[in-house]
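The data block below is upload-v2.cif; it holds mmCIF, C-alpha atoms and all ligand atoms.
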```cif
data_protein
#
loop_
_atom_site.label_atom_id
_atom_site.label_comp_id
_atom_site.auth_asym_id
_atom_site.auth_seq_id
_atom_site.Cartn_x
_atom_site.Cartn_y
_atom_site.Cartn_z
CA MET A 19 66.85 -148.91 34.46
CA ASN A 20 64.22 -146.14 34.38
CA SER A 21 66.71 -143.37 33.83
CA THR A 22 64.92 -141.13 31.31
CA PRO A 23 62.07 -138.73 32.19
CA ALA A 24 59.81 -140.67 29.79
CA ALA A 25 60.55 -143.99 31.46
CA ALA A 26 60.01 -142.42 34.89
CA ALA A 27 56.60 -141.05 33.79
CA VAL A 28 55.54 -144.49 32.53
CA ALA A 29 56.68 -146.14 35.76
CA THR A 30 54.77 -143.60 37.86
CA ALA A 31 51.56 -143.96 35.81
CA ARG A 32 51.73 -147.76 36.01
CA GLY A 33 52.29 -147.61 39.76
CA VAL A 34 48.81 -146.12 40.32
CA PRO A 35 46.49 -149.09 39.74
CA GLY A 36 43.86 -148.31 37.12
CA ALA A 37 44.31 -144.55 37.25
CA GLY A 38 46.14 -143.93 34.00
CA SER A 39 44.38 -146.67 32.09
CA GLU A 40 40.83 -145.58 32.97
CA ALA A 41 41.50 -141.93 32.12
CA GLY A 42 43.37 -143.04 29.02
CA ARG A 43 40.46 -145.25 27.89
CA ARG A 44 38.02 -142.38 28.35
CA ALA A 45 40.29 -140.09 26.35
CA LEU A 46 40.70 -142.65 23.54
CA ARG A 47 36.92 -142.98 23.25
CA ARG A 48 36.85 -139.30 22.25
CA PHE A 49 38.61 -140.26 19.04
CA ALA A 50 35.81 -140.68 16.49
CA SER A 51 36.14 -143.47 13.94
CA GLY A 52 34.15 -144.93 11.11
CA VAL A 53 32.57 -148.34 11.57
CA THR A 54 33.16 -151.34 9.32
CA VAL A 55 32.02 -154.92 9.07
CA LEU A 56 35.01 -157.03 8.05
CA THR A 57 33.94 -160.15 6.16
CA VAL A 58 35.81 -163.28 5.23
CA ASN A 59 35.20 -166.58 3.45
CA HIS A 60 37.46 -169.43 4.43
CA ASP A 61 36.65 -172.68 2.63
CA GLY A 62 32.98 -171.72 2.36
CA VAL A 63 32.68 -170.51 5.98
CA ARG A 64 31.53 -166.89 5.80
CA HIS A 65 31.93 -164.62 8.79
CA GLY A 66 31.48 -160.93 9.59
CA THR A 67 32.71 -158.82 12.52
CA THR A 68 32.13 -155.17 13.43
CA VAL A 69 35.41 -153.28 13.72
CA SER A 70 35.98 -149.55 14.21
CA ALA A 71 39.75 -149.76 14.76
CA VAL A 72 40.59 -149.53 11.07
CA VAL A 73 43.22 -147.11 9.85
CA ALA A 74 44.87 -146.09 6.58
CA ILE A 75 48.58 -146.91 6.93
CA SER A 76 50.22 -146.30 3.55
CA ARG A 77 49.30 -144.85 0.17
CA GLU A 78 52.00 -146.61 -1.87
CA PRO A 79 51.42 -149.48 -1.54
CA LEU A 80 47.87 -148.94 -0.36
CA LEU A 81 47.76 -150.54 3.09
CA LEU A 82 45.27 -150.52 5.92
CA GLY A 83 45.42 -151.81 9.47
CA ALA A 84 42.71 -153.36 11.63
CA CYS A 85 42.98 -154.12 15.35
CA LEU A 86 41.00 -157.05 16.69
CA ARG A 87 40.89 -158.78 20.05
CA SER A 88 43.18 -161.79 20.12
CA SER A 89 40.15 -164.03 20.71
CA SER A 90 38.44 -162.80 17.52
CA ALA A 91 36.97 -165.52 15.30
CA PHE A 92 37.38 -163.19 12.32
CA THR A 93 41.15 -162.99 12.83
CA ALA A 94 41.53 -166.78 12.85
CA LEU A 95 39.54 -167.13 9.62
CA ALA A 96 41.27 -164.21 7.87
CA ARG A 97 44.65 -165.69 8.74
CA GLU A 98 43.61 -168.93 7.01
CA ALA A 99 41.93 -167.28 4.02
CA GLY A 100 44.68 -164.68 3.45
CA VAL A 101 42.09 -162.28 2.04
CA PHE A 102 39.06 -160.42 3.42
CA SER A 103 36.68 -157.60 2.57
CA VAL A 104 35.93 -154.32 4.32
CA ASN A 105 32.36 -152.99 4.36
CA VAL A 106 32.31 -149.33 5.44
CA LEU A 107 28.95 -148.73 7.11
CA SER A 108 26.74 -145.79 6.21
CA SER A 109 24.77 -143.73 8.72
CA GLU A 110 21.74 -145.95 7.97
CA GLN A 111 23.44 -149.17 9.05
CA ALA A 112 23.73 -148.97 12.86
CA SER A 113 21.72 -152.18 13.21
CA LEU A 114 24.35 -154.05 11.19
CA ALA A 115 27.11 -152.70 13.45
CA ARG A 116 25.26 -154.16 16.44
CA GLN A 117 24.33 -157.40 14.69
CA PHE A 118 27.91 -158.29 13.74
CA ALA A 119 29.18 -157.53 17.25
CA VAL A 120 26.89 -159.87 19.22
CA PRO A 121 29.04 -162.42 21.09
CA GLY A 122 27.99 -165.99 20.37
CA ARG A 123 25.98 -164.99 17.29
CA HIS A 124 25.18 -167.54 14.58
CA ARG A 125 28.19 -168.84 12.74
CA GLY A 126 28.56 -169.10 8.98
CA ASP A 127 25.90 -168.07 6.48
CA ALA A 128 23.20 -167.78 9.15
CA GLN A 129 24.83 -164.48 10.19
CA PHE A 130 23.90 -163.03 6.81
CA ALA A 131 20.39 -164.49 6.61
CA ASP A 132 18.61 -161.12 6.94
CA VAL A 133 21.31 -159.10 5.17
CA LYS A 134 21.42 -158.28 1.45
CA TRP A 135 24.85 -159.14 0.11
CA THR A 136 26.79 -160.25 -2.93
CA THR A 137 30.10 -162.07 -3.22
CA ASP A 138 33.37 -160.15 -3.58
CA ASN A 139 34.93 -161.76 -6.64
CA MET A 140 38.46 -161.13 -5.32
CA THR A 141 38.06 -162.42 -1.76
CA GLY A 142 34.93 -164.59 -1.89
CA ALA A 143 33.67 -162.71 1.18
CA PRO A 144 30.24 -161.07 1.52
CA LEU A 145 29.87 -157.48 0.28
CA ILE A 146 26.99 -155.94 2.19
CA ASP A 147 24.51 -153.86 0.17
CA GLY A 148 24.09 -150.17 0.94
CA CYS A 149 27.57 -149.59 2.36
CA LEU A 150 29.49 -146.35 1.82
CA ALA A 151 32.46 -148.29 0.44
CA HIS A 152 33.91 -151.75 0.02
CA MET A 153 37.53 -152.88 -0.18
CA ALA A 154 39.05 -156.20 -1.14
CA CYS A 155 42.17 -156.83 0.93
CA ALA A 156 45.08 -159.26 1.03
CA LEU A 157 46.59 -159.90 4.44
CA THR A 158 50.22 -158.76 4.65
CA GLY A 159 50.83 -158.96 8.40
CA ASP A 160 49.41 -160.24 11.66
CA GLN A 161 51.12 -158.96 14.78
CA GLU A 162 50.10 -159.65 18.37
CA ILE A 163 50.16 -156.35 20.27
CA GLY A 164 48.94 -156.33 23.88
CA ASP A 165 45.59 -158.13 23.97
CA HIS A 166 44.89 -157.40 20.27
CA HIS A 167 46.18 -158.42 16.88
CA LEU A 168 47.10 -155.79 14.33
CA LEU A 169 46.20 -157.10 10.90
CA THR A 170 47.80 -155.23 8.03
CA ALA A 171 46.47 -155.69 4.52
CA GLU A 172 46.96 -154.42 1.00
CA VAL A 173 43.87 -152.91 -0.59
CA LEU A 174 43.50 -154.71 -3.93
CA ALA A 175 40.26 -153.11 -5.12
CA GLY A 176 37.50 -150.88 -3.89
CA ASP A 177 34.27 -149.09 -4.64
CA ALA A 178 32.97 -145.93 -3.01
CA GLY A 179 29.53 -144.35 -2.88
CA GLN A 180 28.09 -141.15 -1.51
CA GLY A 181 26.47 -140.54 1.84
CA ALA A 182 27.13 -140.03 5.52
CA PRO A 183 29.22 -142.42 7.60
CA LEU A 184 28.25 -144.26 10.74
CA LEU A 185 30.61 -143.14 13.51
CA ALA A 186 31.77 -144.64 16.79
CA PHE A 187 32.39 -141.89 19.34
CA ALA A 188 32.40 -141.72 23.15
CA GLY A 189 31.12 -145.28 23.44
CA GLN A 190 28.11 -144.73 21.20
CA LEU A 191 27.13 -144.93 17.54
CA TRP A 192 26.44 -141.63 15.76
CA HIS A 193 24.73 -140.94 12.49
CA GLU A 194 23.89 -137.96 10.29
CA GLY A 195 24.01 -134.38 11.53
CA LEU A 196 27.60 -133.94 10.33
CA ALA A 197 28.34 -130.63 8.63
CA ALA A 198 31.23 -130.65 6.14
CA LEU A 199 33.77 -127.83 6.32
CA ASP A 200 34.97 -127.43 2.76
CA THR A 201 38.67 -127.10 3.48
CA ARG A 202 39.82 -129.70 0.95
CA THR A 203 42.67 -128.97 -1.41
CA PRO A 204 41.98 -129.57 -5.14
CA GLU A 205 43.91 -132.88 -4.94
CA ASP A 206 41.60 -134.11 -2.17
CA LYS A 207 38.43 -133.57 -4.20
CA GLU A 208 36.77 -136.73 -5.47
C1 LIG B 1 30.78 -150.03 16.99
C2 LIG B 1 31.64 -151.25 17.35
C3 LIG B 1 32.99 -151.21 17.07
C4 LIG B 1 33.81 -152.31 17.39
N1 LIG B 1 35.13 -152.25 17.10
C5 LIG B 1 35.93 -153.31 17.41
C6 LIG B 1 37.32 -153.25 17.09
O1 LIG B 1 37.82 -152.28 16.54
N2 LIG B 1 38.08 -154.36 17.40
C7 LIG B 1 37.55 -155.47 18.02
O2 LIG B 1 38.29 -156.43 18.29
N3 LIG B 1 36.22 -155.53 18.33
C8 LIG B 1 35.42 -154.48 18.03
N4 LIG B 1 34.08 -154.53 18.33
C9 LIG B 1 33.56 -155.73 19.02
C10 LIG B 1 33.42 -156.94 18.09
O3 LIG B 1 32.57 -156.63 16.99
C11 LIG B 1 32.81 -158.12 18.87
O4 LIG B 1 33.66 -158.43 19.95
C12 LIG B 1 32.59 -159.34 18.00
O5 LIG B 1 31.72 -160.23 18.68
C13 LIG B 1 33.85 -160.08 17.64
O6 LIG B 1 33.48 -161.11 16.75
P1 LIG B 1 34.41 -162.32 16.30
O7 LIG B 1 35.00 -162.95 17.54
O8 LIG B 1 33.44 -163.24 15.61
O9 LIG B 1 35.45 -161.78 15.38
C14 LIG B 1 33.24 -153.46 18.01
C15 LIG B 1 31.86 -153.49 18.27
C16 LIG B 1 31.07 -152.38 17.94
C17 LIG B 1 29.58 -152.45 18.22
#
```

Show the structure stored in the file as C-alpha cells.
Amino acid sequence: MNSTPAAAAVATARGVPGAGSEAGRRALRRFASGVTVLTVNHDGVRHGTTVSAVVAISREPLLLGACLRSSSAFTALAREAGVFSVNVLSSEQASLARQFAVPGRHRGDAQFADVKWTTDNMTGAPLIDGCLAHMACALTGDQEIGDHHLLTAEVLAGDAGQGAPLLAFAGQLWHEGLAALDTRTPEDKE
C-alpha cells in the first residue's frame, strides 16, 4: 500500500515515464567526483577500469565503496582475487581515464603496455606512476544494487602525493583551475 506521502511521491514520479529519471540523472552529474583506475591481478591476469563512483565509507575501520556496472570485468576479477588497488588520477592523467574506459579494450597486460607501473606488493595489482594516491584494498562486500554492484573494501595501505585531482563533473573530465579555500580545521591539515 502506498499510504505515506513519501511512497505516494515515489509512485507519482515513477508513473511519468523517463521524467524523474532523466532530470535525476542530470542532477546527479552535477556532483563532482575524483577519478580512479581500479586495478586487479587475478592469477596473473591484470586488469584496470576507470571508476569515479568511489566513496569513503568509514574511518574505523577504513572502508571505501566503489560502484560498478554489473557487467564489469573488473568486478568479476576482484571478486576472485579478493584484493585490488586504487589509483587516484591526477589532473595530468585524463588520457588514462579514457584509456581504461574503452569497451572491448585489450585484456590483460596489453592494457598497460604504454603505461608506467609497478606492482603493489599487497595486492599484486598494477600501481600506475604519477597518480595522486594509491590504496591497497581487501574486498569486504559485494552487493548487487539496481544495475550496479557496490563493492566495499578495507584500505590496507596507501600512499599520497601532492597535486591537483582529475575530476568528473557534468559528463566531462576537468583538470586544474581549482582554487583551494583554506577552511580546514587543524586536524584536517596534512
Ligand atoms: C570518467 C569516467 C568515470 C567512470 N566511472 C564509472 C563508474 O563509476 N562505474 C562504472 O561502472 N563505470 C564507470 N566508467 C565506465 C567504465 O570505465 C567502462 O564501462 C569500462 O569499460 C568498464 O570496464 P570493465 O568491464 O573492464 O570493468 C567510467 C568511465 C569514465 C571515462

(message) Can you pull out the residues contacting region 146-159 of chain A? Cut-off 8 Å, using all atoms listed in the file, and skip same-chain residues under 3 positions away; I want them as a ChimeraX atom specification.
(response) /A:96-97,100-108,111,133-136,138,140-141,168-183

Keeping C-alpha atoms, export the residues of the selection given above as a compact mmCIF listing (two decimals), in the frame of the given file.
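Below is the file result.txt, written as the result:
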```txt
# COMPACT_ATOMS: atom_id res chain seq x y z
CA ALA A 96 41.27 -164.21 7.87
CA ARG A 97 44.65 -165.69 8.74
CA GLY A 100 44.68 -164.68 3.45
CA VAL A 101 42.09 -162.28 2.04
CA PHE A 102 39.06 -160.42 3.42
CA SER A 103 36.68 -157.60 2.57
CA VAL A 104 35.93 -154.32 4.32
CA ASN A 105 32.36 -152.99 4.36
CA VAL A 106 32.31 -149.33 5.44
CA LEU A 107 28.95 -148.73 7.11
CA SER A 108 26.74 -145.79 6.21
CA GLN A 111 23.44 -149.17 9.05
CA VAL A 133 21.31 -159.10 5.17
CA LYS A 134 21.42 -158.28 1.45
CA TRP A 135 24.85 -159.14 0.11
CA THR A 136 26.79 -160.25 -2.93
CA ASP A 138 33.37 -160.15 -3.58
CA MET A 140 38.46 -161.13 -5.32
CA THR A 141 38.06 -162.42 -1.76
CA LEU A 168 47.10 -155.79 14.33
CA LEU A 169 46.20 -157.10 10.90
CA THR A 170 47.80 -155.23 8.03
CA ALA A 171 46.47 -155.69 4.52
CA GLU A 172 46.96 -154.42 1.00
CA VAL A 173 43.87 -152.91 -0.59
CA LEU A 174 43.50 -154.71 -3.93
CA ALA A 175 40.26 -153.11 -5.12
CA GLY A 176 37.50 -150.88 -3.89
CA ASP A 177 34.27 -149.09 -4.64
CA ALA A 178 32.97 -145.93 -3.01
CA GLY A 179 29.53 -144.35 -2.88
CA GLN A 180 28.09 -141.15 -1.51
CA GLY A 181 26.47 -140.54 1.84
CA ALA A 182 27.13 -140.03 5.52
CA PRO A 183 29.22 -142.42 7.60
```

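Near ligand LIG 1 (chain B), at distances of 6 Å or less and with only C-alpha atoms and all ligand atoms counted, sit the residues Val53, Thr67, Thr68, Val69, Ser70, Ala71, Cys85, Leu86, Arg87, Ser90, Ala91, Phe92, Ala115, Arg116, Phe118, Ala119, Val120, Pro121 and Ala186 of chain A.
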
(request) Kindly give the distance, in Å, that separates CA of Ile75 (chain A) and CA of Leu95 (chain A), rounded to a single decimal. (result)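 The value is 22.3 Å.
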
(message) Here is a test: counting only C-alpha atoms, which residue of A:Gly52, A:Pro23, A:Gly42, A:Gly126 is nearest to Leu185 (chain A)?
(response) A:Gly52

(request) For Val58 (chain A), work out the shell of residues within 6 Å, counting only C-alpha atoms and skipping chain neighbours fewer than 3 positions away, then give it as a list in words. (result)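 Everything that qualifies: Arg64, His65, Phe102 and Ala143 of chain A.
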
Set up a box along x, y and z of the file covering all listed atoms of region 196-202 of chain A, add 3 Å on every one of the six sides, and write the centre and edge lengths in Å to one decimal, as JSON.
```
{"center_x": 33.7, "center_y": -130.5, "center_z": 5.6, "size_x": 18.2, "size_y": 12.8, "size_z": 15.4}
```

(request) Between CA of Ile163 (chain A) and CA of Glu98 (chain A), measure the distance and give it in Å to one decimal. (result)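 Answer for the CA of Ile163 (chain A) to CA of Glu98 (chain A) separation: 19.4 Å.
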
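Going from CA of Pro144 (chain A) over to CA of Thr54 (chain A), you cover 12.8 Å.
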
(request) Using only C-alpha atoms, find the one residue out of A:Arg47, A:Ala99, A:Ala94, A:Leu184 that sits nearest to Leu114 (chain A). (result) A:Leu184
